[in-house]
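Data block for query.pdb (PDB, C-alpha atoms and all ligand atoms):
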ATOM      1  CA  MET A   1       0.000   0.000   0.000
ATOM      2  CA  SER A   2       1.352   3.442  -0.870
ATOM      3  CA  ALA A   3       1.715   6.187   1.713
ATOM      4  CA  LEU A   4      -1.299   8.135   2.828
ATOM      5  CA  PHE A   5      -1.217  11.762   3.808
ATOM      6  CA  SER A   6      -2.679  13.356   6.884
ATOM      7  CA  ILE A   7      -4.271  16.670   5.965
ATOM      8  CA  ARG A   8      -5.615  18.941   8.668
ATOM      9  CA  MET A   9      -6.849  22.484   8.858
ATOM     10  CA  ARG A  10      -7.453  24.923  11.686
ATOM     11  CA  ALA A  11      -8.845  28.395  11.348
ATOM     12  CA  ALA A  12      -9.293  31.206  13.835
ATOM     13  CA  GLN A  13     -10.601  34.748  13.974
ATOM     14  CA  GLY A  14      -8.420  37.683  15.048
ATOM     15  CA  CYS A  15      -5.126  35.817  15.044
ATOM     16  CA  ALA A  16      -3.735  32.290  15.455
ATOM     17  CA  HIS A  17      -5.252  30.101  18.182
ATOM     18  CA  GLU A  18      -2.043  30.140  20.238
ATOM     19  CA  ALA A  19      -2.000  33.958  20.149
ATOM     20  CA  GLY A  20      -5.565  34.112  21.485
ATOM     21  CA  GLY A  21      -7.597  33.918  18.267
ATOM     22  CA  ARG A  22     -11.176  32.629  18.402
ATOM     23  CA  HIS A  23     -11.565  29.121  16.977
ATOM     24  CA  ILE A  24     -13.676  29.099  13.812
ATOM     25  CA  SER A  25     -13.265  25.656  12.307
ATOM     26  CA  GLY A  26     -11.062  22.646  11.841
ATOM     27  CA  ALA A  27     -10.990  19.530   9.711
ATOM     28  CA  GLU A  28      -8.870  16.433   9.258
ATOM     29  CA  SER A  29      -8.569  13.508   6.930
ATOM     30  CA  LEU A  30      -6.251  10.726   5.762
ATOM     31  CA  LEU A  31      -5.983  10.548   1.980
ATOM     32  CA  PRO A  32      -3.892   9.340  -0.946
ATOM     33  CA  GLU A  33      -1.731  11.976  -2.609
ATOM     34  CA  SER A  34      -4.055  12.200  -5.622
ATOM     35  CA  GLU A  35      -6.881  13.584  -3.451
ATOM     36  CA  LEU A  36      -4.915  16.191  -1.512
ATOM     37  CA  LYS A  37      -5.562  19.155  -3.807
ATOM     38  CA  THR A  38      -9.336  18.715  -3.762
ATOM     39  CA  ALA A  39      -9.363  18.171   0.005
ATOM     40  CA  ALA A  40      -7.174  21.239   0.611
ATOM     41  CA  ALA A  41      -9.458  23.431  -1.504
ATOM     42  CA  ALA A  42     -12.533  22.182   0.382
ATOM     43  CA  MET A  43     -10.884  22.833   3.753
ATOM     44  CA  ILE A  44      -9.880  26.366   2.769
ATOM     45  CA  GLU A  45     -13.428  27.023   1.599
ATOM     46  CA  ARG A  46     -14.795  25.682   4.888
ATOM     47  CA  ALA A  47     -12.522  27.976   6.892
ATOM     48  CA  LEU A  48     -13.338  31.083   4.880
ATOM     49  CA  VAL A  49     -17.090  30.567   4.634
ATOM     50  CA  HIS A  50     -18.151  29.347   8.061
ATOM     51  CA  SER A  51     -21.318  30.115   9.951
ATOM     52  CA  ARG A  52     -19.267  30.811  13.116
ATOM     53  CA  GLY A  53     -17.592  33.745  11.404
ATOM     54  CA  LYS A  54     -14.816  34.677   9.021
ATOM     55  CA  ALA A  55     -11.334  33.358   9.691
ATOM     56  CA  ASP A  56      -8.268  35.619   9.644
ATOM     57  CA  PHE A  57      -5.846  32.794  10.350
ATOM     58  CA  LEU A  58      -5.760  29.474   8.573
ATOM     59  CA  GLN A  59      -3.227  26.690   8.824
ATOM     60  CA  LEU A  60      -3.103  23.626   6.601
ATOM     61  CA  THR A  61      -0.763  20.810   7.530
ATOM     62  CA  ILE A  62       0.009  17.933   5.210
ATOM     63  CA  GLU A  63       2.325  15.084   6.096
ATOM     64  CA  SER A  64       2.859  11.569   4.842
ATOM     65  CA  ILE A  65       2.053   8.609   7.046
ATOM     66  CA  ALA A  66       4.016   5.393   6.650
ATOM     67  CA  PRO A  67       1.727   2.441   5.807
ATOM     68  CA  GLN A  68       3.038   0.413   8.750
ATOM     69  CA  ALA A  69       1.972   3.184  11.173
ATOM     70  CA  ILE A  70      -1.696   2.948  10.189
ATOM     71  CA  ARG A  71      -4.167   1.230  12.497
ATOM     72  CA  HIS A  72      -7.736   0.219  11.774
ATOM     73  CA  ALA A  73     -11.005   0.641  13.659
ATOM     74  CA  GLU A  74     -14.532  -0.465  12.760
ATOM     75  CA  LEU A  75     -17.325   1.955  11.976
ATOM     76  CA  LEU A  76     -19.689   2.177  14.957
ATOM     77  CA  SER A  77     -23.314   1.057  14.627
ATOM     78  CA  ILE A  78     -25.907   3.852  14.742
ATOM     79  CA  TYR A  79     -28.812   4.059  17.159
ATOM     80  CA  GLU A  80     -31.026   6.880  15.952
ATOM     81  CA  GLN A  81     -33.275   8.445  18.554
ATOM     82  CA  SER A  82     -36.271  10.687  18.088
ATOM     83  CA  THR A  83     -36.652  13.203  20.901
ATOM     84  CA  ASP A  84     -38.791  16.235  21.478
ATOM     85  CA  GLY A  85     -36.705  19.285  22.304
ATOM     86  CA  VAL A  86     -33.294  19.965  23.810
ATOM     87  CA  ALA A  87     -34.168  19.077  27.415
ATOM     88  CA  ALA A  88     -35.479  15.647  26.374
ATOM     89  CA  GLY A  89     -32.442  15.160  24.107
ATOM     90  CA  ARG A  90     -30.000  15.909  26.926
ATOM     91  CA  GLU A  91     -31.944  13.656  29.299
ATOM     92  CA  LEU A  92     -31.616  10.816  26.801
ATOM     93  CA  ALA A  93     -27.931  11.628  26.311
ATOM     94  CA  LEU A  94     -27.389  11.162  30.059
ATOM     95  CA  LYS A  95     -29.178   7.814  29.876
ATOM     96  CA  ALA A  96     -27.070   6.722  26.901
ATOM     97  CA  LEU A  97     -23.870   7.749  28.705
ATOM     98  CA  MET A  98     -24.880   5.634  31.684
ATOM     99  CA  ARG A  99     -25.678   2.637  29.457
ATOM    100  CA  LEU A 100     -22.126   2.897  28.138
ATOM    101  CA  GLY A 101     -20.655   2.872  31.644
ATOM    102  CA  VAL A 102     -20.464   6.506  32.797
ATOM    103  CA  THR A 103     -21.849   7.095  36.321
ATOM    104  CA  LEU A 104     -24.796   9.497  36.640
ATOM    105  CA  PRO A 105     -22.800  12.140  38.576
ATOM    106  CA  ALA A 106     -20.004  11.973  35.994
ATOM    107  CA  ALA A 107     -22.447  12.227  33.084
ATOM    108  CA  VAL A 108     -24.170  15.226  34.672
ATOM    109  CA  ARG A 109     -20.848  16.915  35.485
ATOM    110  CA  GLY A 110     -19.397  16.253  32.046
ATOM    111  CA  MET A 111     -22.483  17.658  30.355
ATOM    112  CA  ALA A 112     -22.392  20.688  32.663
ATOM    113  CA  LEU A 113     -18.792  21.360  31.573
ATOM    114  CA  LEU A 114     -19.960  21.425  27.978
ATOM    115  CA  GLU A 115     -22.983  23.588  28.798
ATOM    116  CA  ALA A 116     -20.775  26.074  30.635
ATOM    117  CA  LEU A 117     -18.352  26.722  27.773
ATOM    118  CA  PRO A 118     -18.194  30.452  27.018
ATOM    119  CA  ASP A 119     -17.233  29.616  23.419
ATOM    120  CA  SER A 120     -16.285  26.554  21.422
ATOM    121  CA  MET A 121     -12.947  24.919  21.996
ATOM    122  CA  ARG A 122     -10.838  23.473  19.212
ATOM    123  CA  GLY A 123     -10.766  20.048  20.795
ATOM    124  CA  ALA A 124     -12.360  17.897  23.477
ATOM    125  CA  MET A 125     -12.327  17.822  27.271
ATOM    126  CA  ILE A 126     -11.240  14.584  28.929
ATOM    127  CA  VAL A 127     -13.360  13.735  31.936
ATOM    128  CA  CYS A 128     -13.321  10.882  34.477
ATOM    129  CA  ALA A 129     -16.225   8.484  33.778
ATOM    130  CA  GLU A 130     -16.582   7.794  37.483
ATOM    131  CA  THR A 131     -16.348  11.244  39.093
ATOM    132  CA  GLY A 132     -16.894  13.702  36.227
ATOM    133  CA  ALA A 133     -13.693  15.584  37.090
ATOM    134  CA  ARG A 134     -11.899  17.130  34.141
ATOM    135  CA  LEU A 135      -8.562  15.360  33.694
ATOM    136  CA  ASP A 136      -6.825  17.077  30.767
ATOM    137  CA  ASP A 137      -4.755  20.220  31.194
ATOM    138  CA  THR A 138      -5.482  21.810  27.841
ATOM    139  CA  ILE A 139      -7.731  24.534  29.317
ATOM    140  CA  ALA A 140      -9.526  26.284  26.447
ATOM    141  CA  ARG A 141      -7.803  24.362  23.636
ATOM    142  CA  GLY A 142      -8.950  20.812  24.243
ATOM    143  CA  VAL A 143      -7.515  17.592  22.875
ATOM    144  CA  ARG A 144      -7.885  17.533  19.098
ATOM    145  CA  VAL A 145      -8.343  14.133  17.462
ATOM    146  CA  SER A 146      -6.455  13.984  14.218
ATOM    147  CA  ARG A 147      -5.276  11.567  11.519
ATOM    148  CA  ILE A 148      -8.608   9.853  10.870
ATOM    149  CA  GLY A 149      -9.977   8.689   7.563
ATOM    150  CA  SER A 150     -12.176   6.137   5.902
ATOM    151  CA  ALA A 151     -10.464   3.012   4.561
ATOM    152  CA  ASP A 152     -12.778   3.237   1.530
ATOM    153  CA  PRO A 153     -14.521   6.642   1.172
ATOM    154  CA  THR A 154     -16.660   5.605  -1.828
ATOM    155  CA  ALA A 155     -17.889   2.432  -0.113
ATOM    156  CA  LEU A 156     -18.622   4.437   3.041
ATOM    157  CA  GLU A 157     -20.743   6.907   1.095
ATOM    158  CA  GLN A 158     -22.664   4.035  -0.501
ATOM    159  CA  TRP A 159     -23.027   2.299   2.851
ATOM    160  CA  LEU A 160     -24.506   5.407   4.479
ATOM    161  CA  ALA A 161     -26.772   6.077   1.496
ATOM    162  CA  SER A 162     -28.101   2.510   1.649
ATOM    163  CA  TYR A 163     -29.416   3.427   5.106
ATOM    164  CA  GLY A 164     -30.759   6.787   3.935
ATOM    165  CA  LEU A 165     -27.903   8.635   5.669
ATOM    166  CA  GLY A 166     -25.219  11.019   4.477
ATOM    167  CA  GLY A 167     -23.732  14.487   4.833
ATOM    168  CA  ASP A 168     -20.398  15.866   6.000
ATOM    169  CA  HIS A 169     -21.413  16.273   9.631
ATOM    170  CA  LEU A 170     -22.507  12.681  10.113
ATOM    171  CA  ARG A 171     -19.650  11.130   8.118
ATOM    172  CA  GLU A 172     -16.947  13.127   9.896
ATOM    173  CA  ALA A 173     -18.480  12.605  13.342
ATOM    174  CA  LEU A 174     -18.916   8.853  12.783
ATOM    175  CA  LEU A 175     -15.310   8.449  11.682
ATOM    176  CA  LEU A 176     -14.029  10.502  14.599
ATOM    177  CA  ALA A 177     -16.244   8.686  17.126
ATOM    178  CA  SER A 178     -15.148   5.305  15.728
ATOM    179  CA  LYS A 179     -11.493   6.196  16.291
ATOM    180  CA  VAL A 180     -12.180   7.654  19.734
ATOM    181  CA  ALA A 181     -14.252   4.652  20.898
ATOM    182  CA  ALA A 182     -11.383   2.323  19.958
ATOM    183  CA  GLY A 183      -8.995   4.239  22.234
ATOM    184  CA  ASP A 184      -7.693   2.403  25.292
ATOM    185  CA  GLY A 185      -9.402   3.864  28.355
ATOM    186  CA  ILE A 186     -12.325   5.504  26.534
ATOM    187  CA  ILE A 187     -15.766   4.739  27.989
ATOM    188  CA  ALA A 188     -17.954   7.197  26.054
ATOM    189  CA  GLU A 189     -18.101  10.460  24.144
ATOM    190  CA  LEU A 190     -20.645  13.280  24.201
ATOM    191  CA  CYS A 191     -20.801  15.819  21.375
ATOM    192  CA  TRP A 192     -22.838  18.617  20.003
ATOM    193  CA  SER A 193     -21.794  20.740  17.077
ATOM    194  CA  ASP A 194     -20.617  24.334  17.121
ATOM    195  CA  ASP A 195     -22.332  24.926  13.811
ATOM    196  CA  PRO A 196     -25.249  27.267  14.665
ATOM    197  CA  GLU A 197     -27.704  25.525  12.351
ATOM    198  CA  TYR A 198     -26.762  21.937  13.243
ATOM    199  CA  THR A 199     -28.555  20.812  16.397
ATOM    200  CA  THR A 200     -27.890  17.061  16.132
ATOM    201  CA  GLY A 201     -25.458  15.616  18.618
ATOM    202  CA  TYR A 202     -24.426  12.178  19.786
ATOM    203  CA  VAL A 203     -23.247   9.911  22.523
ATOM    204  CA  ALA A 204     -20.855   7.184  21.414
ATOM    205  CA  GLY A 205     -18.873   4.320  22.848
ATOM    206  CA  ALA A 206     -17.670   0.878  21.797
ATOM    207  CA  ALA A 207     -21.296  -0.389  21.800
ATOM    208  CA  GLY A 208     -22.474   2.175  19.258
ATOM    209  CA  TYR A 209     -23.193   5.742  18.177
ATOM    210  CA  VAL A 210     -26.409   7.211  19.564
ATOM    211  CA  ARG A 211     -27.610  10.008  17.313
ATOM    212  CA  LEU A 212     -29.804  12.610  18.984
ATOM    213  CA  PRO A 213     -31.565  15.126  16.726
ATOM    214  CA  GLN A 214     -31.682  18.013  19.170
ATOM    215  CA  LEU A 215     -28.908  18.370  21.697
ATOM    216  CA  LYS A 216     -28.707  22.160  21.500
ATOM    217  CA  GLU A 217     -30.862  25.099  20.473
ATOM    218  CA  ALA A 218     -30.721  26.164  16.825
ATOM    219  CA  GLY A 219     -28.687  29.352  16.454
ATOM    220  CA  SER A 220     -26.154  28.477  19.163
ATOM    221  CA  GLY A 221     -22.589  28.579  17.898
ATOM    222  CA  ILE A 222     -21.198  26.869  20.974
ATOM    223  CA  GLY A 223     -20.499  23.164  20.758
ATOM    224  CA  GLY A 224     -17.978  20.742  22.085
ATOM    225  CA  ARG A 225     -16.926  17.232  22.933
ATOM    226  CA  VAL A 226     -16.331  15.380  26.163
ATOM    227  CA  PHE A 227     -14.393  12.106  26.246
ATOM    228  CA  PHE A 228     -15.252  10.101  29.359
ATOM    229  CA  VAL A 229     -12.399   7.843  30.410
ATOM    230  CA  ARG A 230     -11.748   5.074  32.925
ATOM    231  CA  PRO A 231     -10.300   6.458  36.158
ATOM    232  CA  ASP A 232      -7.107   4.424  35.601
ATOM    233  CA  ALA A 233      -6.679   5.404  31.932
ATOM    234  CA  ASP A 234      -3.130   6.226  30.848
ATOM    235  CA  LEU A 235      -3.845   9.809  29.818
ATOM    236  CA  ALA A 236      -0.521  10.496  28.108
ATOM    237  CA  GLU A 237      -0.846   7.335  26.014
ATOM    238  CA  LEU A 238      -4.505   8.037  25.222
ATOM    239  CA  ARG A 239      -3.706  11.564  24.136
ATOM    240  CA  ARG A 240      -0.913  10.300  21.897
ATOM    241  CA  TYR A 241      -3.371   7.857  20.311
ATOM    242  CA  LEU A 242      -6.081  10.484  19.792
ATOM    243  CA  GLU A 243      -3.776  13.182  18.436
ATOM    244  CA  THR A 244      -1.167  11.281  16.492
ATOM    245  CA  THR A 245      -2.066   7.661  15.702
ATOM    246  CA  ALA A 246      -3.330   7.337  12.138
ATOM    247  CA  VAL A 247      -6.570   5.341  12.065
ATOM    248  CA  LEU A 248      -8.500   4.212   9.013
ATOM    249  CA  VAL A 249     -12.091   3.266   9.712
ATOM    250  CA  ASP A 250     -13.414   0.097   8.031
ATOM    251  CA  LEU A 251     -17.009  -0.721   7.257
ATOM    252  CA  PRO A 252     -18.528  -3.277   9.611
ATOM    253  CA  THR A 253     -18.387  -6.847   8.321
ATOM    254  CA  ALA A 254     -22.067  -7.617   9.041
ATOM    255  CA  LYS A 255     -24.730  -5.351   7.533
ATOM    256  CA  GLY A 256     -27.885  -6.391   9.390
ATOM    257  CA  GLY A 257     -28.980  -4.233  12.305
ATOM    258  CA  TRP A 258     -26.340  -1.576  11.739
ATOM    259  CA  LEU A 259     -28.915   1.221  12.042
ATOM    260  CA  GLN A 260     -31.586   0.961  14.723
ATOM    261  CA  HIS A 261     -34.302   3.357  15.761
ATOM    262  CA  ASP A 262     -35.396   4.330  19.244
ATOM    263  CA  VAL A 263     -33.429   1.786  21.190
ATOM    264  CA  LEU A 264     -30.216   2.354  23.106
ATOM    265  CA  PRO A 265     -27.166   0.122  22.755
TER     266      PRO A 265
HETATM  267  P1  LIG A 301     -18.156  19.953  15.141
HETATM  268  O1  LIG A 301     -18.837  18.632  15.364
HETATM  269  O2  LIG A 301     -17.125  19.923  14.083
HETATM  270  O3  LIG A 301     -19.128  21.075  15.030
HETATM  271  O4  LIG A 301     -17.353  20.210  16.465
HETATM  272  C1  LIG A 301     -17.980  20.438  17.690
HETATM  273  C2  LIG A 301     -16.935  20.636  18.738
HETATM  274  O5  LIG A 301     -16.247  19.400  18.931
HETATM  275  C3  LIG A 301     -15.868  21.659  18.408
HETATM  276  O6  LIG A 301     -16.260  22.935  18.861
HETATM  277  C4  LIG A 301     -14.686  21.145  19.186
HETATM  278  O7  LIG A 301     -14.775  21.564  20.534
HETATM  279  C5  LIG A 301     -14.887  19.655  19.159
HETATM  280  N1  LIG A 301     -14.133  19.028  18.062
HETATM  281  C6  LIG A 301     -14.311  19.203  16.729
HETATM  282  N2  LIG A 301     -13.420  18.479  16.037
HETATM  283  C7  LIG A 301     -12.684  17.815  16.946
HETATM  284  C8  LIG A 301     -11.586  16.914  16.860
HETATM  285  N3  LIG A 301     -11.063  16.550  15.708
HETATM  286  N4  LIG A 301     -11.077  16.442  18.023
HETATM  287  C9  LIG A 301     -11.594  16.807  19.214
HETATM  288  N5  LIG A 301     -12.607  17.648  19.355
HETATM  289  C10 LIG A 301     -13.145  18.164  18.247
END
Now that the file is in, can you turn its structure into structure tokens?
Ligand code: AMP
Amino acid sequence: MSALFSIRMRAAQGCAHEAGGRHISGAESLLPESELKTAAAAMIERALVHSRGKADFLQLTIESIAPQAIRHAELLSIYEQSTDGVAAGRELALKALMRLGVTLPAAVRGMALLEALPDSMRGAMIVCAETGARLDDTIARGVRVSRIGSADPTALEQWLASYGLGGDHLREALLLASKVAAGDGIIAELCWSDDPEYTTGYVAGAAGYVRLPQLKEAGSGIGGRVFFVRPDADLAELRRYLETTAVLVDLPTAKGGWLQHDVLP
């Protein structure tokens, strides 16, 4: 197999993130060389035309990844939930977190951390799945998961379409959640988007990806992610995996029951 390239973008308003700029958008993928130009153009477009505002700083990073460094994870199954309103959605998210192994106090505390964000971070908060205490030291930056891609982007698109699913948000979130869930020490993830018009969020873990149509009010540009981890998780190792290990996500081997409605994993 020839080398793949990691391509990632981050954009901020005012100035660079590290100089205090406001995070606008980010994106990452793992691609063959032949697809880099198209991906780079799409990422630049995303940074310059974003509903969170106009970026003044944009960084694109492209680097090759040796084939032997690439790991694989399986695409998580989807459990699609219908809920009525944000309060009901968040209630169900707490339930889903508990089903995946997060304690109620930790789920409530982790969600409260997300609710209290004054603005979106670039990455995720890492929180203890037993106590709900925040464990990472990244403050307002968060831990950014990078180097994720689909092992077969065309087949993935067809797979999603065969279930009536699609779109950038879902594809990117599913790939990211599939990598995260495969991380050693991860119990569950909670996410809602920072895109003002995208209210769908999810709870994910090794048992599946629970899609919740309304986890925040439309118009809110504040989103985020919380990764709930085992109390004894090796945080340095986990962070290395999330940030730097290249992971290609494979389609599940069995098709039946991959998408389910109104049940929790
Ligand atoms: P998005 O789903 O892209 O709207 O992102 C929602 C929030 O999740 C962002 O505001 C970030 O806090 C966080 N986030 C987005 N991408 C990543 C990533 N690659 N790794 C970790 N956290 C992320």
What residues come out when you apply the PyMOL selection byres (((chain A and resi 175) around 8) and not hetatm) to this file, written as an MDAnalysis selection string? chainID A and resid 75 148:150 171:174 176:179 249
Expected file contents, prior selection, C-alpha atoms, as a PDB file, in the coordinates of the input:
ATOM      1  CA  LEU A  75     -17.325   1.955  11.976  1.00  0.00           C
ATOM      2  CA  ILE A 148      -8.608   9.853  10.870  1.00  0.00           C
ATOM      3  CA  GLY A 149      -9.977   8.689   7.563  1.00  0.00           C
ATOM      4  CA  SER A 150     -12.176   6.137   5.902  1.00  0.00           C
ATOM      5  CA  ARG A 171     -19.650  11.130   8.118  1.00  0.00           C
ATOM      6  CA  GLU A 172     -16.947  13.127   9.896  1.00  0.00           C
ATOM      7  CA  ALA A 173     -18.480  12.605  13.342  1.00  0.00           C
ATOM      8  CA  LEU A 174     -18.916   8.853  12.783  1.00  0.00           C
ATOM      9  CA  LEU A 176     -14.029  10.502  14.599  1.00  0.00           C
ATOM     10  CA  ALA A 177     -16.244   8.686  17.126  1.00  0.00           C
ATOM     11  CA  SER A 178     -15.148   5.305  15.728  1.00  0.00           C
ATOM     12  CA  LYS A 179     -11.493   6.196  16.291  1.00  0.00           C
ATOM     13  CA  VAL A 249     -12.091   3.266   9.712  1.00  0.00           C
TER      14      VAL A 249
END
Between A:Asp152, A:Asp262, A:Asp168, A:Asp184, single out the one closest to ligand LIG 301 (chain A), counting all atoms listed in the file. A:Asp168
Hey, what's within 12 Å of A:Asp84 if we count all atoms listed in the file and toss same-chain stuff fewer than 5 positions away? As a VMD selection string, please? chain A and resid 89 to 92 212 to 217
Using the chain letters and numbering of this document, enumerate as an MDAnalysis selection string the residues selected by the PyMOL selection byres (((not hetatm)) within 6 of (chain A and resi 301)). chainID A and resid 120:124 143:146 192:195 223:225
Find the residues near A:Val263: any atom within 10 Å, counting all atoms listed in the file, skip ones fewer than 5 places away on the same chain, and give them as a PyMOL selection string. chain A and resi 79-82+96+210
Would you translate the PyMOL selection byres (((chain A and resi 15-18) around 9) and not hetatm) into the concrete set of residues it matches in this file, as a PyMOL selection string? chain A and resi 10-14+19-23+55-59+122+141
Could you save the residues just selected, with C-alpha atoms, as a tab-separated table (two decimals), keeping the file's coordinate frame?
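Dumped everything to part32.tsv:
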chain	number	residue	atom	x	y	z
A	10	ARG	CA	-7.45	24.92	11.69
A	11	ALA	CA	-8.85	28.40	11.35
A	12	ALA	CA	-9.29	31.21	13.84
A	13	GLN	CA	-10.60	34.75	13.97
A	14	GLY	CA	-8.42	37.68	15.05
A	19	ALA	CA	-2.00	33.96	20.15
A	20	GLY	CA	-5.56	34.11	21.48
A	21	GLY	CA	-7.60	33.92	18.27
A	22	ARG	CA	-11.18	32.63	18.40
A	23	HIS	CA	-11.56	29.12	16.98
A	55	ALA	CA	-11.33	33.36	9.69
A	56	ASP	CA	-8.27	35.62	9.64
A	57	PHE	CA	-5.85	32.79	10.35
A	58	LEU	CA	-5.76	29.47	8.57
A	59	GLN	CA	-3.23	26.69	8.82
A	122	ARG	CA	-10.84	23.47	19.21
A	141	ARG	CA	-7.80	24.36	23.64
Measuring between only C-alpha atoms, which one of A:Arg46, A:His169, A:Arg109, A:Arg147 shows the shortest distance to A:Ile62?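 Ranking A:Arg46, A:His169, A:Arg109, A:Arg147 by distance to A:Ile62, first place goes to A:Arg147.
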Compare A:Ala42, A:Ala88, A:Leu48, A:Leu135 by their minimum atom-to-atom distance to A:Val229, counting only C-alpha atoms, and give me the closest one.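 Distance minimum relative to A:Val229 lands on A:Leu135.
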Quick one, how far is atom CA of A:Gly185 from atom CA of A:Leu264?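 Value for the atom CA of A:Gly185-atom CA of A:Leu264 distance: 21.5 Å.
Taking atom CA of A:Arg52 and atom CA of A:Tyr241 as the two end points, the separation is 28.8 Å.
Of the listed residues (A:Asp232, A:Glu189, A:Asp119, A:Glu197), A:Glu189 comes nearest to A:Arg211; the distances count all atoms listed in the file.
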What's around A:Glu35 at 12 Å? Count only C-alpha atoms, leave out sequence neighbours fewer than 4 positions away in its own chain, and write the answer as a short mmCIF file (atom, residue, chain, number, x, y, z; two decimals) with C-alpha atoms, in the coordinates of the input.
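around28.cif was written with the following content:
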data_model
loop_
_atom_site.label_atom_id
_atom_site.label_comp_id
_atom_site.auth_asym_id
_atom_site.auth_seq_id
_atom_site.Cartn_x
_atom_site.Cartn_y
_atom_site.Cartn_z
CA LEU A 4 -1.30 8.14 2.83
CA PHE A 5 -1.22 11.76 3.81
CA SER A 6 -2.68 13.36 6.88
CA ILE A 7 -4.27 16.67 5.96
CA SER A 29 -8.57 13.51 6.93
CA LEU A 30 -6.25 10.73 5.76
CA LEU A 31 -5.98 10.55 1.98
CA ALA A 39 -9.36 18.17 0.00
CA ALA A 40 -7.17 21.24 0.61
CA ALA A 41 -9.46 23.43 -1.50
CA ALA A 42 -12.53 22.18 0.38
CA ILE A 62 0.01 17.93 5.21
CA PRO A 153 -14.52 6.64 1.17
#
Residue neighbourhood A:Met98, 10 Å, all atoms listed in the file, exclusion window fewer than 6 positions, as a JSON list (two decimals) with C-alpha atoms, keeping the file's coordinate frame:
[["chain", "number", "residue", "atom", "x", "y", "z"],
["A", 92, "LEU", "CA", -31.62, 10.82, 26.80],
["A", 104, "LEU", "CA", -24.80, 9.50, 36.64],
["A", 105, "PRO", "CA", -22.80, 12.14, 38.58],
["A", 106, "ALA", "CA", -20.00, 11.97, 35.99],
["A", 107, "ALA", "CA", -22.45, 12.23, 33.08],
["A", 129, "ALA", "CA", -16.23, 8.48, 33.78],
["A", 187, "ILE", "CA", -15.77, 4.74, 27.99],
["A", 188, "ALA", "CA", -17.95, 7.20, 26.05]]
Counting all atoms listed in the file, find residues at most 9 Å from (2.0, 9.3, -4.6) (file frame) and give them as an MDAnalysis selection string. chainID A and resid 2:4 32:34
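Atom CA of A:Tyr202 is positioned 14.4 Å from atom CA of A:Gly85.
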Give me stretch 45-49 of chain A from this structure - all heavy atoms, as a PDB file, in the first residue's frame.
ATOM      1  N   GLU A  45     -12.075  26.486   1.783  1.00  0.00           N
ATOM      2  CA  GLU A  45     -13.428  27.023   1.599  1.00  0.00           C
ATOM      3  C   GLU A  45     -14.198  26.966   2.932  1.00  0.00           C
ATOM      4  O   GLU A  45     -14.843  27.920   3.338  1.00  0.00           O
ATOM      5  CB  GLU A  45     -14.132  26.178   0.520  1.00  0.00           C
ATOM      6  CG  GLU A  45     -15.610  26.447   0.336  1.00  0.00           C
ATOM      7  CD  GLU A  45     -15.873  27.686  -0.523  1.00  0.00           C
ATOM      8  OE1 GLU A  45     -14.906  28.205  -1.082  1.00  0.00           O
ATOM      9  OE2 GLU A  45     -17.044  28.108  -0.593  1.00  0.00           O
ATOM     10  N   ARG A  46     -14.074  25.839   3.625  1.00  0.00           N
ATOM     11  CA  ARG A  46     -14.795  25.682   4.888  1.00  0.00           C
ATOM     12  C   ARG A  46     -14.344  26.730   5.917  1.00  0.00           C
ATOM     13  O   ARG A  46     -15.145  27.278   6.656  1.00  0.00           O
ATOM     14  CB  ARG A  46     -14.531  24.283   5.460  1.00  0.00           C
ATOM     15  CG  ARG A  46     -15.232  24.059   6.788  1.00  0.00           C
ATOM     16  CD  ARG A  46     -14.746  22.834   7.493  1.00  0.00           C
ATOM     17  NE  ARG A  46     -15.185  21.608   6.850  1.00  0.00           N
ATOM     18  CZ  ARG A  46     -15.384  20.456   7.502  1.00  0.00           C
ATOM     19  NH1 ARG A  46     -15.171  20.392   8.794  1.00  0.00           N
ATOM     20  NH2 ARG A  46     -15.755  19.384   6.861  1.00  0.00           N
ATOM     21  N   ALA A  47     -13.046  27.013   5.912  1.00  0.00           N
ATOM     22  CA  ALA A  47     -12.522  27.976   6.892  1.00  0.00           C
ATOM     23  C   ALA A  47     -12.972  29.396   6.569  1.00  0.00           C
ATOM     24  O   ALA A  47     -13.248  30.195   7.456  1.00  0.00           O
ATOM     25  CB  ALA A  47     -10.998  27.908   6.897  1.00  0.00           C
ATOM     26  N   LEU A  48     -13.049  29.696   5.263  1.00  0.00           N
ATOM     27  CA  LEU A  48     -13.338  31.083   4.880  1.00  0.00           C
ATOM     28  C   LEU A  48     -14.836  31.383   4.874  1.00  0.00           C
ATOM     29  O   LEU A  48     -15.239  32.530   5.024  1.00  0.00           O
ATOM     30  CB  LEU A  48     -12.731  31.385   3.506  1.00  0.00           C
ATOM     31  CG  LEU A  48     -11.196  31.334   3.466  1.00  0.00           C
ATOM     32  CD1 LEU A  48     -10.696  31.622   2.061  1.00  0.00           C
ATOM     33  CD2 LEU A  48     -10.583  32.317   4.462  1.00  0.00           C
ATOM     34  N   VAL A  49     -15.638  30.347   4.681  1.00  0.00           N
ATOM     35  CA  VAL A  49     -17.090  30.567   4.634  1.00  0.00           C
ATOM     36  C   VAL A  49     -17.708  29.704   5.730  1.00  0.00           C
ATOM     37  O   VAL A  49     -18.189  28.614   5.466  1.00  0.00           O
ATOM     38  CB  VAL A  49     -17.676  30.139   3.269  1.00  0.00           C
ATOM     39  CG1 VAL A  49     -19.117  30.587   3.127  1.00  0.00           C
ATOM     40  CG2 VAL A  49     -16.835  30.664   2.121  1.00  0.00           C
TER      41      VAL A  49
END
